[in-house]
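Text of target-v2.cif, listed as mmCIF, C-alpha atoms and all ligand atoms:
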data_model
#
loop_
_atom_site.label_atom_id
_atom_site.label_comp_id
_atom_site.auth_asym_id
_atom_site.auth_seq_id
_atom_site.Cartn_x
_atom_site.Cartn_y
_atom_site.Cartn_z
CA MET A 1 81.31 127.95 278.44
CA LYS A 2 83.28 129.21 275.50
CA VAL A 3 82.22 129.16 271.86
CA ASP A 4 85.10 130.12 269.60
CA GLY A 5 86.85 131.84 272.49
CA LYS A 6 83.84 133.84 273.71
CA HIS A 7 82.07 133.03 276.97
CA TYR A 8 78.35 132.32 276.64
CA ARG A 9 75.55 131.25 278.88
CA THR A 10 72.41 129.74 277.36
CA ILE A 11 70.06 132.51 278.52
CA TRP A 12 70.53 136.11 279.66
CA PRO A 13 68.56 139.36 279.95
CA SER A 14 69.34 141.61 276.97
CA LYS A 15 71.03 145.00 277.32
CA THR A 16 67.75 146.80 276.50
CA GLY A 17 66.26 145.56 279.79
CA GLN A 18 63.10 144.60 277.87
CA THR A 19 63.85 141.16 276.43
CA VAL A 20 65.73 137.92 277.04
CA GLU A 21 68.28 136.32 274.72
CA ILE A 22 68.86 132.62 274.13
CA ILE A 23 70.90 130.38 271.86
CA ASP A 24 68.51 128.72 269.36
CA GLN A 25 69.42 125.07 269.96
CA THR A 26 67.33 123.80 267.05
CA ARG A 27 70.00 125.22 264.71
CA LEU A 28 73.04 123.66 266.34
CA PRO A 29 75.55 122.34 265.42
CA PHE A 30 75.32 123.89 261.96
CA GLU A 31 74.44 127.46 262.94
CA PHE A 32 75.08 129.42 266.14
CA LYS A 33 72.18 131.84 266.34
CA ILE A 34 71.07 134.07 269.18
CA VAL A 35 67.35 134.71 269.37
CA GLU A 36 65.42 137.33 271.33
CA LEU A 37 62.40 136.45 273.48
CA ALA A 38 60.23 139.58 273.58
CA ASN A 39 57.12 138.35 275.39
CA LEU A 40 55.48 135.47 277.23
CA ASP A 41 54.45 133.64 274.05
CA ASP A 42 58.03 133.72 272.76
CA ALA A 43 59.17 132.05 276.00
CA VAL A 44 56.39 129.42 275.85
CA ASN A 45 57.19 128.63 272.20
CA ALA A 46 60.94 128.50 272.85
CA ILE A 47 60.32 125.79 275.45
CA ALA A 48 57.65 123.86 273.49
CA ASP A 49 59.61 123.94 270.21
CA MET A 50 62.89 123.15 272.02
CA LEU A 51 64.86 126.25 271.06
CA VAL A 52 65.77 125.84 274.71
CA ARG A 53 65.66 122.38 276.26
CA GLY A 54 67.19 120.40 279.12
CA ALA A 55 65.48 120.46 282.49
CA PRO A 56 67.46 123.24 284.25
CA LEU A 57 67.34 125.55 281.23
CA ILE A 58 63.61 124.93 280.88
CA GLY A 59 63.32 126.06 284.53
CA ALA A 60 65.33 129.25 283.95
CA THR A 61 63.40 130.10 280.76
CA THR A 62 60.15 129.62 282.65
CA ALA A 63 61.25 132.18 285.24
CA TRP A 64 62.23 134.69 282.54
CA GLY A 65 58.91 134.05 280.75
CA ILE A 66 57.06 135.13 283.89
CA TRP A 67 59.20 138.27 284.00
CA LEU A 68 58.32 139.08 280.37
CA ALA A 69 54.62 138.66 281.20
CA MET A 70 54.92 140.94 284.27
CA LEU A 71 56.81 143.54 282.26
CA ALA A 72 53.82 143.80 279.92
CA ASP A 73 51.13 143.61 282.61
CA GLY A 74 51.60 142.92 286.31
CA SER A 75 47.91 142.24 287.06
CA ASP A 76 46.57 139.11 288.80
CA THR A 77 44.92 138.03 285.53
CA SER A 78 48.18 138.37 283.60
CA LEU A 79 50.11 136.43 286.28
CA LYS A 80 47.55 133.62 286.25
CA GLN A 81 47.58 133.45 282.44
CA ALA A 82 51.38 133.33 282.37
CA LEU A 83 51.51 130.53 284.96
CA ASP A 84 48.90 128.52 283.02
CA LYS A 85 50.52 128.98 279.59
CA LEU A 86 53.98 128.03 280.80
CA ARG A 87 52.68 125.07 282.81
CA ASN A 88 51.52 123.44 279.57
CA ALA A 89 54.69 124.11 277.55
CA ARG A 90 56.36 120.73 278.32
CA PRO A 91 55.18 118.19 280.91
CA THR A 92 58.09 116.04 282.05
CA ALA A 93 60.94 118.19 283.43
CA VAL A 94 59.95 119.10 286.99
CA ASN A 95 62.14 122.23 286.83
CA LEU A 96 59.31 123.92 284.93
CA SER A 97 56.74 123.55 287.71
CA TRP A 98 59.48 124.20 290.28
CA ALA A 99 60.28 127.55 288.63
CA LEU A 100 56.57 128.41 288.39
CA ALA A 101 56.16 127.74 292.12
CA GLN A 102 59.21 129.91 292.89
CA MET A 103 57.91 132.79 290.79
CA SER A 104 54.37 132.48 292.04
CA THR A 105 55.49 132.54 295.70
CA ALA A 106 57.62 135.62 295.05
CA LEU A 107 55.00 137.55 293.08
CA LYS A 108 51.51 136.72 294.33
CA PRO A 109 51.77 138.73 297.60
CA LEU A 110 52.99 141.84 295.73
CA LYS A 111 51.08 144.77 294.23
CA PRO A 112 50.85 144.56 290.41
CA GLU A 113 53.15 147.57 289.93
CA ASP A 114 55.89 145.90 291.99
CA ARG A 115 55.82 142.55 290.20
CA SER A 116 58.02 143.21 287.21
CA ALA A 117 61.06 144.30 289.27
CA ALA A 118 60.55 141.40 291.68
CA ALA A 119 60.17 138.91 288.80
CA TYR A 120 63.40 140.15 287.24
CA ALA A 121 65.25 139.76 290.57
CA ARG A 122 63.92 136.23 291.17
CA ALA A 123 64.56 135.09 287.58
CA LEU A 124 68.12 136.38 287.83
CA GLU A 125 68.57 134.60 291.14
CA ILE A 126 67.28 131.29 289.70
CA THR A 127 69.64 131.72 286.73
CA GLU A 128 72.71 132.49 288.84
CA ASN A 129 71.86 129.72 291.28
CA ASP A 130 71.67 127.18 288.46
CA VAL A 131 75.28 127.98 287.58
CA ILE A 132 76.34 127.49 291.20
CA LEU A 133 74.48 124.16 291.53
CA CYS A 134 75.93 122.80 288.29
CA SER A 135 79.44 123.91 289.20
CA SER A 136 79.15 122.07 292.55
CA ILE A 137 77.89 118.94 290.77
CA GLY A 138 81.01 119.29 288.61
CA ASP A 139 83.24 119.41 291.70
CA HIS A 140 81.69 116.31 293.31
CA GLY A 141 81.52 114.35 290.07
CA SER A 142 85.05 115.18 288.95
CA GLN A 143 86.33 113.74 292.24
CA LEU A 144 84.56 110.51 291.30
CA ILE A 145 86.28 110.51 287.91
CA SER A 146 89.61 111.27 289.55
CA ASP A 147 89.13 108.37 292.01
CA THR A 148 88.25 106.05 289.11
CA HIS A 149 91.37 107.18 287.30
CA ALA A 150 93.54 106.54 290.37
CA ALA A 151 91.97 103.08 290.82
CA LYS A 152 92.63 102.22 287.19
CA GLY A 153 96.27 102.97 287.86
CA ASN A 154 97.40 103.85 284.34
CA ASP A 155 97.30 106.82 281.99
CA GLU A 156 94.54 105.44 279.80
CA PRO A 157 91.56 107.81 279.56
CA ILE A 158 88.48 107.20 281.68
CA ASN A 159 85.76 106.25 279.21
CA ILE A 160 82.45 107.80 280.18
CA LEU A 161 79.20 107.07 278.39
CA THR A 162 76.48 109.75 278.38
CA HIS A 163 73.03 109.93 276.86
CA CYS A 164 71.21 112.93 275.39
CA ASN A 165 72.61 116.34 276.25
CA ALA A 166 73.08 117.20 279.90
CA GLY A 167 75.84 119.68 279.19
CA TRP A 168 75.97 123.44 279.48
CA LEU A 169 73.37 123.73 276.72
CA ALA A 170 70.86 121.94 278.97
CA THR A 171 71.50 124.31 281.87
CA VAL A 172 72.53 127.95 282.24
CA ASP A 173 76.22 126.99 282.29
CA TRP A 174 78.45 123.97 283.07
CA GLY A 175 75.79 121.29 282.64
CA THR A 176 74.85 118.47 284.99
CA ALA A 177 76.25 115.17 283.63
CA LEU A 178 78.96 116.96 281.66
CA ALA A 179 80.09 119.34 284.44
CA PRO A 180 82.16 116.59 286.15
CA ILE A 181 83.69 115.74 282.77
CA TYR A 182 84.65 119.37 282.04
CA LYS A 183 86.16 119.79 285.49
CA ALA A 184 88.06 116.48 285.32
CA HIS A 185 89.37 117.36 281.85
CA ASP A 186 90.42 120.85 283.03
CA ALA A 187 92.23 119.24 285.99
CA GLY A 188 94.30 117.15 283.60
CA ILE A 189 92.56 113.79 284.09
CA PRO A 190 92.39 112.02 280.73
CA VAL A 191 88.74 111.49 279.80
CA HIS A 192 87.00 110.27 276.68
CA VAL A 193 83.24 110.45 276.21
CA TRP A 194 81.03 107.99 274.34
CA VAL A 195 78.19 110.17 273.08
CA ASP A 196 74.90 108.35 272.39
CA GLU A 197 73.38 109.91 269.27
CA THR A 198 69.99 110.12 271.07
CA ARG A 199 67.42 109.70 268.37
CA PRO A 200 64.95 111.05 267.53
CA ARG A 201 66.09 114.66 268.23
CA SER A 202 69.79 113.77 268.13
CA GLN A 203 70.80 115.81 271.18
CA GLY A 204 73.93 113.63 271.40
CA ASN A 205 75.10 114.23 267.80
CA PHE A 206 73.95 117.80 267.54
CA LEU A 207 74.58 119.23 271.00
CA THR A 208 76.78 117.03 273.22
CA ALA A 209 79.41 116.30 270.56
CA TRP A 210 79.40 120.00 269.59
CA GLU A 211 79.94 121.34 273.09
CA LEU A 212 82.55 118.70 274.03
CA GLN A 213 84.40 119.51 270.82
CA HIS A 214 84.38 123.23 271.63
CA HIS A 215 85.83 122.47 275.06
CA GLY A 216 88.46 120.14 273.61
CA VAL A 217 87.19 117.00 275.37
CA PRO A 218 87.88 113.85 273.31
CA ASN A 219 84.58 112.23 272.34
CA THR A 220 83.12 109.70 269.94
CA VAL A 221 79.50 109.60 268.78
CA ILE A 222 77.94 106.13 268.80
CA VAL A 223 74.54 104.91 267.68
CA ASP A 224 72.03 104.49 270.45
CA ASN A 225 72.27 100.70 270.38
CA ALA A 226 76.08 100.49 270.70
CA GLY A 227 76.49 101.21 274.41
CA GLY A 228 75.77 97.67 275.65
CA HIS A 229 78.29 96.19 273.24
CA LEU A 230 81.01 98.65 274.38
CA MET A 231 80.23 97.86 278.01
CA GLN A 232 80.55 94.10 277.40
CA ASN A 233 83.96 94.71 275.86
CA GLY A 234 85.39 96.71 278.78
CA GLU A 235 85.30 100.01 276.91
CA VAL A 236 83.14 101.94 279.37
CA ASP A 237 84.40 102.85 282.86
CA MET A 238 81.27 104.65 283.99
CA CYS A 239 78.04 106.18 282.75
CA ILE A 240 76.85 109.64 283.75
CA VAL A 241 73.47 110.96 282.63
CA GLY A 242 71.19 113.85 283.55
CA THR A 243 67.61 113.81 284.78
CA ASP A 244 64.36 115.57 283.98
CA ARG A 245 62.61 114.41 287.13
CA THR A 246 63.98 112.31 289.97
CA THR A 247 61.53 111.01 292.55
CA ALA A 248 62.03 111.25 296.31
CA SER A 249 62.93 107.54 296.23
CA GLY A 250 65.58 107.93 293.52
CA ASP A 251 63.79 106.75 290.37
CA VAL A 252 65.10 108.80 287.45
CA CYS A 253 63.13 109.99 284.46
CA ASN A 254 65.45 111.02 281.62
CA LYS A 255 65.64 110.99 277.83
CA ILE A 256 64.23 107.88 276.17
CA GLY A 257 66.89 105.16 276.06
CA THR A 258 68.45 105.96 279.43
CA TYR A 259 66.82 102.89 281.01
CA LEU A 260 68.37 100.49 278.50
CA LYS A 261 71.83 101.95 279.20
CA ALA A 262 71.27 101.49 282.94
CA LEU A 263 70.26 97.84 282.38
CA ALA A 264 73.37 97.18 280.31
CA ALA A 265 75.57 98.92 282.90
CA HIS A 266 74.01 96.81 285.67
CA ASP A 267 74.64 93.58 283.75
CA ASN A 268 78.28 94.57 283.23
CA ASN A 269 78.98 95.94 286.74
CA ILE A 270 79.63 99.41 285.39
CA PRO A 271 78.76 102.32 287.69
CA PHE A 272 75.76 104.29 286.46
CA TYR A 273 75.52 107.81 287.92
CA VAL A 274 72.83 110.45 287.57
CA ALA A 275 73.71 114.12 287.97
CA ALA A 276 70.73 115.85 289.60
CA PRO A 277 70.57 119.44 290.81
CA SER A 278 67.95 119.65 293.59
CA PRO A 279 65.37 121.55 291.48
CA SER A 280 65.19 118.37 289.31
CA ILE A 281 64.01 116.32 292.30
CA ASP A 282 60.26 116.00 292.69
CA TRP A 283 59.81 115.47 296.43
CA THR A 284 56.05 114.91 296.01
CA ILE A 285 56.31 111.55 294.24
CA SER A 286 58.11 108.29 294.88
CA ASP A 287 57.08 105.92 292.07
CA GLY A 288 58.62 107.15 288.84
CA LEU A 289 56.83 104.66 286.58
CA ALA A 290 53.38 105.30 287.98
CA GLU A 291 53.58 109.01 288.70
CA ILE A 292 55.57 110.76 285.95
CA THR A 293 53.87 112.01 282.79
CA ILE A 294 55.96 111.02 279.79
CA GLU A 295 55.87 113.65 277.05
CA GLN A 296 54.59 112.40 273.68
CA ARG A 297 56.16 114.43 270.87
CA ASP A 298 55.41 114.96 267.19
CA HIS A 299 55.76 111.87 264.97
CA ARG A 300 57.78 114.02 262.54
CA GLU A 301 60.75 113.85 264.93
CA ILE A 302 60.90 110.12 264.11
CA SER A 303 59.86 110.16 260.47
CA HIS A 304 62.28 112.92 259.46
CA ILE A 305 65.87 113.82 260.19
CA ALA A 306 67.75 117.06 259.58
CA GLY A 307 71.37 117.36 258.48
CA LYS A 308 73.96 118.95 256.23
CA LEU A 309 74.24 117.95 252.57
CA ASN A 310 77.54 117.54 250.70
CA ASN A 311 77.17 121.07 249.33
CA ASP A 312 76.93 122.39 252.92
CA SER A 313 73.26 123.34 252.65
CA LEU A 314 70.88 122.10 255.33
CA ALA A 315 68.04 119.72 254.56
CA THR A 316 65.43 117.60 256.26
CA VAL A 317 64.71 114.18 254.81
CA GLN A 318 62.11 111.50 255.45
CA VAL A 319 63.58 108.27 256.83
CA VAL A 320 60.50 105.99 257.04
CA PRO A 321 58.04 104.73 254.41
CA ASP A 322 55.23 107.10 253.40
CA ASN A 323 52.31 107.00 255.85
CA CYS A 324 54.36 105.03 258.37
CA SER A 325 52.95 104.77 261.88
CA THR A 326 55.29 106.08 264.60
CA ARG A 327 55.23 106.63 268.36
CA ASN A 328 57.43 109.16 270.10
CA ASP A 329 57.73 108.74 273.88
CA ALA A 330 60.36 111.35 274.78
CA PHE A 331 61.47 110.01 278.18
CA ASP A 332 61.72 106.81 280.19
CA VAL A 333 62.13 105.90 283.84
CA THR A 334 65.18 104.14 285.30
CA PRO A 335 64.28 102.51 288.61
CA ALA A 336 66.50 103.51 291.54
CA ARG A 337 67.88 99.95 291.90
CA PHE A 338 69.92 100.39 288.71
CA ILE A 339 71.52 103.67 289.80
CA SER A 340 74.91 103.60 291.56
CA GLY A 341 74.63 107.13 292.92
CA ILE A 342 73.06 110.53 292.46
CA ILE A 343 75.49 113.41 292.08
CA THR A 344 73.85 116.47 293.66
CA GLU A 345 75.19 119.92 294.45
CA ARG A 346 75.67 118.77 298.07
CA GLY A 347 77.53 115.56 297.29
CA ILE A 348 76.93 112.04 295.98
CA CYS A 349 74.31 109.85 297.61
CA ALA A 350 72.63 106.51 297.04
CA ALA A 351 69.46 106.48 294.95
CA ASN A 352 66.98 105.89 297.73
CA GLN A 353 64.59 107.85 299.91
CA ARG A 354 66.71 107.72 303.04
CA ALA A 355 69.93 108.90 301.38
CA LEU A 356 68.20 111.67 299.44
CA SER A 357 66.34 112.96 302.47
CA THR A 358 69.55 112.84 304.54
CA MET A 359 71.20 114.95 301.85
CA PHE A 360 68.22 117.33 301.71
CA PRO A 361 66.68 117.19 305.22
CA GLU A 362 64.51 120.24 304.49
CA HIS A 363 62.49 118.01 302.12
CA ALA A 364 62.42 114.89 304.29
O1 LIG A 401 64.04 116.70 275.51
P1 LIG A 401 65.20 117.41 276.15
O2 LIG A 401 66.33 117.67 275.21
O3 LIG A 401 64.77 118.62 276.93
O4 LIG A 401 65.71 116.33 277.20
C1 LIG A 401 66.86 116.58 277.95
C2 LIG A 401 67.30 115.42 278.72
O5 LIG A 401 66.65 114.40 278.78
C3 LIG A 401 68.51 115.58 279.49
O6 LIG A 401 69.26 114.42 279.55
C4 LIG A 401 68.04 115.98 280.90
O7 LIG A 401 67.19 117.09 280.81
C5 LIG A 401 69.02 116.39 281.77
S1 LIG A 401 69.39 118.06 281.43
C6 LIG A 401 70.62 118.48 282.46
#
Rewritten as structure tokens:
Amino acid sequence: MKVDGKHYRTIWPSKTGQTVEIIDQTRLPFEFKIVELANLDDAVNAIADMLVRGAPLIGATTAWGIWLAMLADGSDTSLKQALDKLRNARPTAVNLSWALAQMSTALKPLKPEDRSAAAYARALEITENDVILCSSIGDHGSQLISDTHAAKGNDEPINILTHCNAGWLATVDWGTALAPIYKAHDAGIPVHVWVDETRPRSQGNFLTAWELQHHGVPNTVIVDNAGGHLMQNGEVDMCIVGTDRTTASGDVCNKIGTYLKALAAHDNNIPFYVAAPSPSIDWTISDGLAEITIEQRDHREISHIAGKLNNDSLATVQVVPDNCSTRNDAFDVTPARFISGIITERGICAANQRALSTMFPEHA
């Protein structure tokens, strides 16, 4: 995707061949800063502190973190340590453990001296493949938007509500939920996006609105509680969200607040789609509520909020009473019955075990 006319991905190996570069997402939208990851700990911290975030990008960063560890020391002990440290960086997005499994399978059979080159090759492959998967999701999803536009039968924009950030910043490029929107917009279909602010980390305000703006896609930020009201008033044609972990039966774990949007969409007969690249599907579980660990994050994300002051300087302010008790569940689970379809890289299918395993028979 382009930022001020220049094409960027969210992660790439640096020219020195010794480090990895990322966009520090904790500084957006106020500062565009590229940061270097020089070793395993930098990669672990970038994931845990959300310099990189979004399930597919967490997966790619995990793979590059293993490469950085192998570059320093390709021994069995170093590989085991790297797998363990990364495993604990963030618990919910399945792409992290998926990437660890991919790297482990590629590296364990090799001699220590061969591991760094092999890790680089596999991390690059995972990165490139993420772009291909997201682009395909964009193709399938934009067809859906185009069909909706044709059915509407006028030149009014298709109003799409999204939650959190499942755009190119959450992946290597394109995004998951936003890829169909970018492709529809580029094809000349009028679209307008309702962007949920997504408290507490404000991925909607800070990231989704920023990237849509840079691509020229009309969008409006709304508070997290406004979606239901807009749906009741006929101002939402469809919802598209991303996923951090989708079960084999189609339950979707995504950013906290997704479930309430799905309930409101269901009550108003508005299609609710989830864009899910296959590495975000956890084929080992089927009950999202019982089997997915929901990340609990720092209370400071709720008690404080960052922003720009009138004099353009940045500041963080407290927005609750002193000593206020808070609780910060970062994700929730939307049961499959509220999901109209899952947009995968192979096409769109119903959110149920049979449809998903027909789409991906190798996992059935
Ligand atoms: O906590 P985050 O910002 O990593 O959460 C991201 C989300 O919940 C996204 O909606 C989801 O990962 C899909 S990313 C394509």
| field | Residue nearest His140 in chain A among A:Ala60, A:Leu230, A:Ile348, A:Ile305 (counting all atoms listed in the file) | value |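 Ranked by minimum distance to His140 in chain A, first place goes to A:Ile348.
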Centre and edge lengths of an axis-aligned box around all listed atoms of range 271-286 of chain A, with 3 Å added on each side, are to be given in Å to one decimal, as AutoDock Vina command-line options.
--center_x 67.4 --center_y 111.9 --center_z 291.4 --size_x 28.7 --size_y 25.2 --size_z 16.0
| message | At a cut-off of 7 Å, using only C-alpha atoms, what residues contact range 36-44 of chain A? Leave out same-chain residues fewer than 2 positions from it and give the result as number ranges by chain. | response | A: 19-22, 34, 46-48, 61, 65-66, 68-69, 82, 85-86, 89
Leaving out Asp114 in chain A and any residue of its chain fewer than 3 positions from it, which residues lie within 12 Å of it when counting only C-alpha atoms, given as a compact mmCIF listing (two decimals) with C-alpha atoms, in the coordinates of the input?
# COMPACT_ATOMS: atom_id res chain seq x y z
CA TRP A 67 59.20 138.27 284.00
CA MET A 70 54.92 140.94 284.27
CA LEU A 71 56.81 143.54 282.26
CA ASP A 73 51.13 143.61 282.61
CA GLY A 74 51.60 142.92 286.31
CA SER A 75 47.91 142.24 287.06
CA ASP A 76 46.57 139.11 288.80
CA ALA A 106 57.62 135.62 295.05
CA LEU A 107 55.00 137.55 293.08
CA LYS A 108 51.51 136.72 294.33
CA PRO A 109 51.77 138.73 297.60
CA LEU A 110 52.99 141.84 295.73
CA LYS A 111 51.08 144.77 294.23
CA ALA A 117 61.06 144.30 289.27
CA ALA A 118 60.55 141.40 291.68
CA ALA A 119 60.17 138.91 288.80
CA TYR A 120 63.40 140.15 287.24
CA ALA A 121 65.25 139.76 290.57
| query | What does the distance between CA of Ile285 in chain A and CA of Ala248 in chain A come to in Å, to one decimal place? | reply | 6.1 Å
Report as an mmCIF file with C-alpha atoms, in the frame of the given file which protein, DNA and RNA residues come within 7 Å of ligand LIG 401 (chain A), using all atoms listed in the file.
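File produced: part.cif:
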data_model
loop_
_atom_site.group_PDB
_atom_site.id
_atom_site.type_symbol
_atom_site.label_atom_id
_atom_site.label_comp_id
_atom_site.auth_asym_id
_atom_site.auth_seq_id
_atom_site.Cartn_x
_atom_site.Cartn_y
_atom_site.Cartn_z
ATOM 1 C CA MET A 50 62.890 123.150 272.020
ATOM 2 C CA ARG A 53 65.660 122.380 276.260
ATOM 3 C CA GLY A 54 67.190 120.400 279.120
ATOM 4 C CA ALA A 55 65.480 120.460 282.490
ATOM 5 C CA PRO A 56 67.460 123.240 284.250
ATOM 6 C CA ALA A 93 60.940 118.190 283.430
ATOM 7 C CA HIS A 163 73.030 109.930 276.860
ATOM 8 C CA CYS A 164 71.210 112.930 275.390
ATOM 9 C CA ASN A 165 72.610 116.340 276.250
ATOM 10 C CA ALA A 166 73.080 117.200 279.900
ATOM 11 C CA GLY A 167 75.840 119.680 279.190
ATOM 12 C CA ALA A 170 70.860 121.940 278.970
ATOM 13 C CA THR A 171 71.500 124.310 281.870
ATOM 14 C CA GLY A 175 75.790 121.290 282.640
ATOM 15 C CA THR A 176 74.850 118.470 284.990
ATOM 16 C CA ALA A 177 76.250 115.170 283.630
ATOM 17 C CA GLN A 203 70.800 115.810 271.180
ATOM 18 C CA VAL A 241 73.470 110.960 282.630
ATOM 19 C CA GLY A 242 71.190 113.850 283.550
ATOM 20 C CA THR A 243 67.610 113.810 284.780
ATOM 21 C CA ASP A 244 64.360 115.570 283.980
ATOM 22 C CA ASN A 254 65.450 111.020 281.620
ATOM 23 C CA LYS A 255 65.640 110.990 277.830
ATOM 24 C CA ALA A 330 60.360 111.350 274.780
ATOM 25 C CA PHE A 331 61.470 110.010 278.180
#
